[in-house]
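Below: entry.txt (compact mmCIF, C-alpha atoms)
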```
# COMPACT_ATOMS: atom_id res chain seq x y z
CA THR D 1 -25.28 -32.00 -0.68
CA MET D 2 -22.61 -33.72 1.39
CA ILE D 3 -23.57 -32.07 4.66
CA ILE D 4 -27.27 -32.82 4.28
CA ASN D 5 -26.74 -36.44 3.27
CA SER D 6 -24.03 -37.33 5.78
CA LYS D 7 -26.40 -37.24 8.76
CA ASN D 8 -27.76 -40.78 8.43
CA ILE D 9 -26.64 -44.15 7.10
CA PHE D 10 -28.86 -44.02 4.00
CA GLY D 11 -27.51 -40.62 3.09
CA ILE D 12 -23.97 -41.91 3.41
CA LEU D 13 -24.76 -44.95 1.27
CA PHE D 14 -26.33 -42.87 -1.50
CA MET D 15 -23.75 -40.09 -1.27
CA PRO D 16 -21.78 -41.25 -4.35
CA VAL D 17 -24.95 -40.89 -6.44
CA TYR D 18 -25.55 -37.38 -5.09
CA ILE D 19 -21.93 -36.43 -5.61
CA ILE D 20 -21.86 -37.67 -9.19
CA SER D 21 -25.07 -35.81 -10.03
CA THR D 22 -23.63 -32.61 -8.52
CA LEU D 23 -20.40 -33.14 -10.44
CA LEU D 24 -22.21 -33.62 -13.75
CA SER D 25 -24.34 -30.53 -13.27
CA HIS D 26 -21.22 -28.51 -12.39
CA LYS D 27 -19.44 -29.69 -15.54
CA GLN D 28 -22.47 -28.73 -17.61
CA GLU D 29 -22.57 -25.26 -16.03
CA GLN D 30 -18.85 -24.80 -16.69
CA LYS D 31 -19.30 -25.76 -20.33
CA ILE D 32 -22.10 -23.20 -20.72
CA TYR D 33 -19.97 -20.55 -18.99
CA GLN D 34 -17.01 -21.21 -21.30
CA GLU D 35 -19.27 -20.94 -24.36
CA LYS D 36 -20.64 -17.60 -23.13
CA ILE D 37 -17.11 -16.28 -22.58
CA LYS D 38 -16.14 -17.24 -26.13
CA LYS D 39 -19.09 -15.28 -27.49
CA ASP D 40 -18.66 -12.27 -25.20
CA PRO D 41 -15.33 -11.97 -23.30
CA SER D 42 -16.70 -9.14 -21.16
CA LEU D 43 -18.75 -11.73 -19.23
CA LYS D 44 -15.61 -13.26 -17.76
CA LEU D 45 -15.54 -13.12 -13.96
CA PRO D 46 -12.74 -11.10 -12.31
CA SER D 47 -9.98 -12.84 -10.37
CA LEU D 48 -10.71 -13.74 -6.75
CA GLU D 49 -8.05 -11.40 -5.40
CA SER D 50 -9.81 -8.40 -6.92
CA TYR D 51 -12.99 -8.82 -4.87
CA PRO D 52 -13.31 -6.45 -1.89
CA ASP D 53 -14.12 -9.22 0.61
CA TYR D 54 -11.29 -11.53 -0.45
CA LYS D 55 -9.48 -11.37 2.91
CA GLU D 56 -12.68 -12.11 4.76
CA ALA D 57 -13.34 -15.07 2.48
CA LEU D 58 -9.98 -16.58 3.39
CA LYS D 59 -11.31 -17.12 6.91
CA PHE D 60 -13.90 -19.53 5.53
CA LYS D 61 -11.20 -22.02 4.62
CA ASN D 62 -11.46 -23.35 8.17
CA HIS D 63 -15.20 -24.05 7.94
CA LEU D 64 -16.62 -27.55 7.66
CA SER D 65 -18.29 -26.98 4.30
CA TYR D 66 -15.02 -25.78 2.75
CA LYS D 67 -13.09 -28.76 4.08
CA LEU D 68 -15.80 -31.13 2.83
CA GLY D 69 -15.49 -29.54 -0.60
CA GLN D 70 -11.74 -30.03 -0.57
CA ALA D 71 -12.21 -33.68 0.39
CA LEU D 72 -14.72 -34.11 -2.44
CA ILE D 73 -12.35 -32.62 -5.00
CA LYS D 74 -9.53 -34.86 -3.82
CA ALA D 75 -11.81 -37.92 -3.93
CA ASN D 76 -12.89 -37.06 -7.45
CA LYS D 77 -9.30 -36.73 -8.61
CA THR D 78 -8.39 -40.13 -7.10
CA TRP D 79 -11.62 -42.02 -7.83
CA TYR D 80 -9.69 -44.89 -9.43
CA LYS D 81 -7.71 -45.37 -6.19
CA GLY D 82 -10.85 -45.62 -4.07
CA GLY D 83 -11.15 -41.90 -3.48
CA TYR D 84 -14.88 -42.05 -2.79
CA VAL D 85 -14.41 -44.81 -0.23
CA LYS D 86 -11.80 -42.70 1.53
CA LEU D 87 -14.19 -39.75 1.32
CA ALA D 88 -16.69 -41.44 3.63
CA PHE D 89 -13.99 -41.85 6.28
CA LYS D 90 -12.78 -38.28 5.79
CA ILE D 91 -16.31 -36.98 6.34
CA ARG D 92 -16.58 -38.86 9.62
CA LYS D 93 -13.21 -37.51 10.70
CA LEU D 94 -14.21 -33.93 9.86
CA LYS D 95 -17.49 -34.29 11.73
CA LYS D 96 -15.62 -35.46 14.85
CA VAL D 97 -13.18 -32.54 14.75
CA LYS D 98 -16.09 -30.04 15.04
CA ILE D 99 -14.48 -27.11 13.36
```
Go through the file and emit its structure as structure tokens.
Amino acid sequence: TMIINSKNIFGILFMPVYIISTLLSHKQEQKIYQEKIKKDPSLKLPSLESYPDYKEALKFKNHLSYKLGQALIKANKTWYKGGYVKLAFKIRKLKKVKI
């Protein structure tokens, strides 16, 4: 959502709306997942370290989409301190770095 909408000024202006809608849908999915685990614990996902491609996945931490996700999480945790305003500047900075 962030990558698609950060390409023009209107996308940047409406980005908080897109982010909030994504956040709400994620929270709803997590709630459903937790309810399913309570009913049937065998549905619980294994830890990340146990996946066979875990080491390969660590390389993706340097990709733009991963760094944008980190910035979004940080902005959400500090929304009351203007986290979403800082997010717009962080996105511009990440786009300039060209990872």
(message) Would you compute the distance between CA of Gln70 in chain D and CA of Glu35 in chain D? Give it in Å to one decimal.
(response)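 The value is 26.6 Å.
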(message) Need the shell around range 86-95 of chain D: protein/DNA/RNA residues with any atom at most 12 Å away, counting all atoms listed in the file. Skip same-chain ones fewer than 5 positions apart. Format as number ranges by chain?
(response) D: 2-9, 11-16, 19, 62-81
(request) Would you mind reading off the distance between CA of Leu58 in chain D and CA of Pro46 in chain D, one decimal, in Å? (result)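 CA of Leu58 in chain D sits 16.9 Å away from CA of Pro46 in chain D.
Between CA of Lys61 in chain D and CA of Leu23 in chain D the separation is 20.9 Å.
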Would you save range 11-99 of chain D to a file, keeping C-alpha atoms, as a short mmCIF file (atom, residue, chain, number, x, y, z; two decimals), in the first residue's frame?
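Generated output (result11.cif):
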```
data_model
loop_
_atom_site.label_atom_id
_atom_site.label_comp_id
_atom_site.auth_asym_id
_atom_site.auth_seq_id
_atom_site.Cartn_x
_atom_site.Cartn_y
_atom_site.Cartn_z
CA GLY D 11 -1.18 9.18 -2.78
CA ILE D 12 1.02 10.75 -0.13
CA LEU D 13 -1.83 12.93 1.13
CA PHE D 14 -4.24 10.00 1.41
CA MET D 15 -1.62 7.60 2.77
CA PRO D 16 -2.80 7.90 6.40
CA VAL D 17 -6.25 6.69 5.32
CA TYR D 18 -4.75 3.73 3.47
CA ILE D 19 -2.46 2.92 6.37
CA ILE D 20 -5.27 3.01 8.92
CA SER D 21 -7.46 0.76 6.77
CA THR D 22 -4.59 -1.71 6.38
CA LEU D 23 -3.94 -1.58 10.12
CA LEU D 24 -7.58 -2.25 10.96
CA SER D 25 -7.81 -5.20 8.59
CA HIS D 26 -4.58 -6.63 10.05
CA LYS D 27 -5.94 -6.35 13.59
CA GLN D 28 -9.12 -8.11 12.51
CA GLU D 29 -7.14 -10.92 10.88
CA GLN D 30 -5.02 -11.31 14.02
CA LYS D 31 -8.13 -11.53 16.18
CA ILE D 32 -9.55 -14.28 13.94
CA TYR D 33 -6.21 -16.12 14.01
CA GLN D 34 -6.06 -16.00 17.82
CA GLU D 35 -9.61 -17.35 18.06
CA LYS D 36 -8.74 -20.23 15.72
CA ILE D 37 -5.67 -21.07 17.81
CA LYS D 38 -7.79 -21.18 20.97
CA LYS D 39 -10.15 -23.66 19.33
CA ASP D 40 -7.43 -25.79 17.72
CA PRO D 41 -3.82 -25.27 18.95
CA SER D 42 -2.46 -27.40 16.10
CA LEU D 43 -3.16 -24.48 13.72
CA LYS D 44 -0.48 -22.36 15.36
CA LEU D 45 2.26 -21.33 12.95
CA PRO D 46 5.82 -22.55 13.67
CA SER D 47 8.53 -20.12 14.76
CA LEU D 48 10.33 -18.21 12.02
CA GLU D 49 13.67 -19.84 12.78
CA SER D 50 12.27 -23.27 11.99
CA TYR D 51 11.49 -22.45 8.34
CA PRO D 52 14.03 -23.82 5.82
CA ASP D 53 14.48 -20.48 4.03
CA TYR D 54 14.97 -18.41 7.18
CA LYS D 55 18.56 -17.41 6.36
CA GLU D 56 17.55 -16.36 2.87
CA ALA D 57 14.71 -14.30 4.31
CA LEU D 58 17.14 -12.36 6.47
CA LYS D 59 18.59 -10.86 3.28
CA PHE D 60 15.26 -9.16 2.60
CA LYS D 61 15.72 -6.89 5.60
CA ASN D 62 17.67 -4.56 3.32
CA HIS D 63 14.85 -4.22 0.77
CA LEU D 64 12.77 -1.08 0.43
CA SER D 65 9.47 -2.77 1.26
CA TYR D 66 10.86 -4.16 4.52
CA LYS D 67 12.25 -0.79 5.57
CA LEU D 68 8.94 0.89 4.71
CA GLY D 69 7.17 -1.64 6.90
CA GLN D 70 9.53 -0.92 9.77
CA ALA D 71 8.90 2.81 9.36
CA LEU D 72 5.14 2.19 9.37
CA ILE D 73 5.32 0.14 12.56
CA LYS D 74 7.39 2.83 14.26
CA ALA D 75 4.97 5.54 13.09
CA ASN D 76 2.02 3.58 14.42
CA LYS D 77 3.67 3.15 17.81
CA THR D 78 4.40 6.90 18.04
CA TRP D 79 1.25 8.26 16.38
CA TYR D 80 0.61 10.62 19.30
CA LYS D 81 4.05 12.20 18.77
CA GLY D 82 3.40 12.88 15.09
CA GLY D 83 4.63 9.50 13.91
CA TYR D 84 2.63 9.60 10.70
CA VAL D 85 3.97 13.04 9.82
CA LYS D 86 7.50 11.75 10.32
CA LEU D 87 6.59 8.72 8.21
CA ALA D 88 6.10 10.87 5.11
CA PHE D 89 9.62 12.26 5.49
CA LYS D 90 11.05 8.79 6.17
CA ILE D 91 9.46 7.49 2.96
CA ARG D 92 11.08 10.26 0.94
CA LYS D 93 14.42 9.54 2.56
CA LEU D 94 14.15 5.81 1.80
CA LYS D 95 13.20 6.50 -1.81
CA LYS D 96 16.29 8.70 -2.24
CA VAL D 97 18.63 6.06 -0.79
CA LYS D 98 17.60 3.58 -3.55
CA ILE D 99 18.29 0.39 -1.70
#
```
